[in-house]
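Heads up, the thing below is written out as structure tokens.
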Amino acid sequence: MPQKYIVVFKQHVSADQIDKFADDVNNNGGEVGHRYGSVLNVIHHFSPLILGVTAQQGFSASIPDEYLSSLQSLVGDDIDYIEPDSVVTTQS
């Protein structure tokens, strides 16, 4: 069963390249959800506590384990990081 992840790309990666990664996820049994393309989206969707954020691009997706290892091999090249998608809550 695919797990949900956030995939964030390096700044040099173009929108067309990200589209290809998203298509590859969809073609390998996953499902891309929301796409992130600005600082505001990153701050809003990733964490309300992020400081000093630079513009980042990426997407959320359900990714099968078999394909996840393929994406993880690109961390450091085109992909900045992949992390499990989860709900962030705060208490006051």
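Starting from 1 in every chain, residues are counted up; chains themselves are A, B, ... following the order of the structure tokens, and ligands are numbered from 1 as listed.
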
Problem set entry | Test item: residues at most 12 Å from Ser70 in chain A, only C-alpha atoms, excluding those fewer than 2 positions along its chain, as a list of chain:residue names |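 Skipping anything fewer than 2 positions along the chain leaves A:Phe21, A:Asp24, A:Val25, A:Asn28, A:Ile63, A:Pro64, A:Asp65, A:Glu66, A:Tyr67, A:Leu68, A:Gln72, A:Ser73, A:Leu74, A:Val75, A:Ile79, A:Ile82.
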
Pick out the residues sitting within 10 Å of Gln17 in chain A, and hand them over as a compact mmCIF listing (two decimals) with all heavy atoms, in the first residue's frame; count only C-alpha atoms, and ignore anything fewer than 6 positions along from it in its own chain.
# COMPACT_ATOMS: atom_id res chain seq x y z
N PHE A 9 12.21 19.48 -4.36
CA PHE A 9 13.28 19.48 -5.35
C PHE A 9 14.28 20.60 -5.11
O PHE A 9 13.97 21.62 -4.49
CB PHE A 9 12.68 19.62 -6.76
CG PHE A 9 11.90 18.40 -7.15
CD1 PHE A 9 10.56 18.28 -6.83
CD2 PHE A 9 12.51 17.37 -7.82
CE1 PHE A 9 9.83 17.15 -7.17
CE2 PHE A 9 11.81 16.22 -8.15
CZ PHE A 9 10.46 16.12 -7.83
N ASP A 23 4.71 12.61 -13.28
CA ASP A 23 4.17 11.61 -14.21
C ASP A 23 4.73 10.23 -13.89
O ASP A 23 4.00 9.23 -13.94
CB ASP A 23 4.50 11.98 -15.66
CG ASP A 23 3.71 13.18 -16.16
OD1 ASP A 23 2.70 13.56 -15.52
OD2 ASP A 23 4.13 13.77 -17.18
N ASP A 78 18.74 15.89 -7.93
CA ASP A 78 17.60 16.74 -8.29
C ASP A 78 16.63 16.93 -7.11
O ASP A 78 15.94 17.94 -7.03
CB ASP A 78 16.82 16.13 -9.46
CG ASP A 78 17.62 16.20 -10.75
OD1 ASP A 78 18.48 17.08 -10.87
OD2 ASP A 78 17.36 15.37 -11.64

Seminar exercise, completed: What separates CA of Asn27 in chain A and CA of Lys10 in chain A is a distance of 22.4 Å

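For the pair CA of Leu71 in chain A and CA of Phe59 in chain A, the interatomic distance is 12.8 Å.
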
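Coordinates place CA of Ser86 in chain A at a distance of 10.5 Å from CA of Gln3 in chain A.
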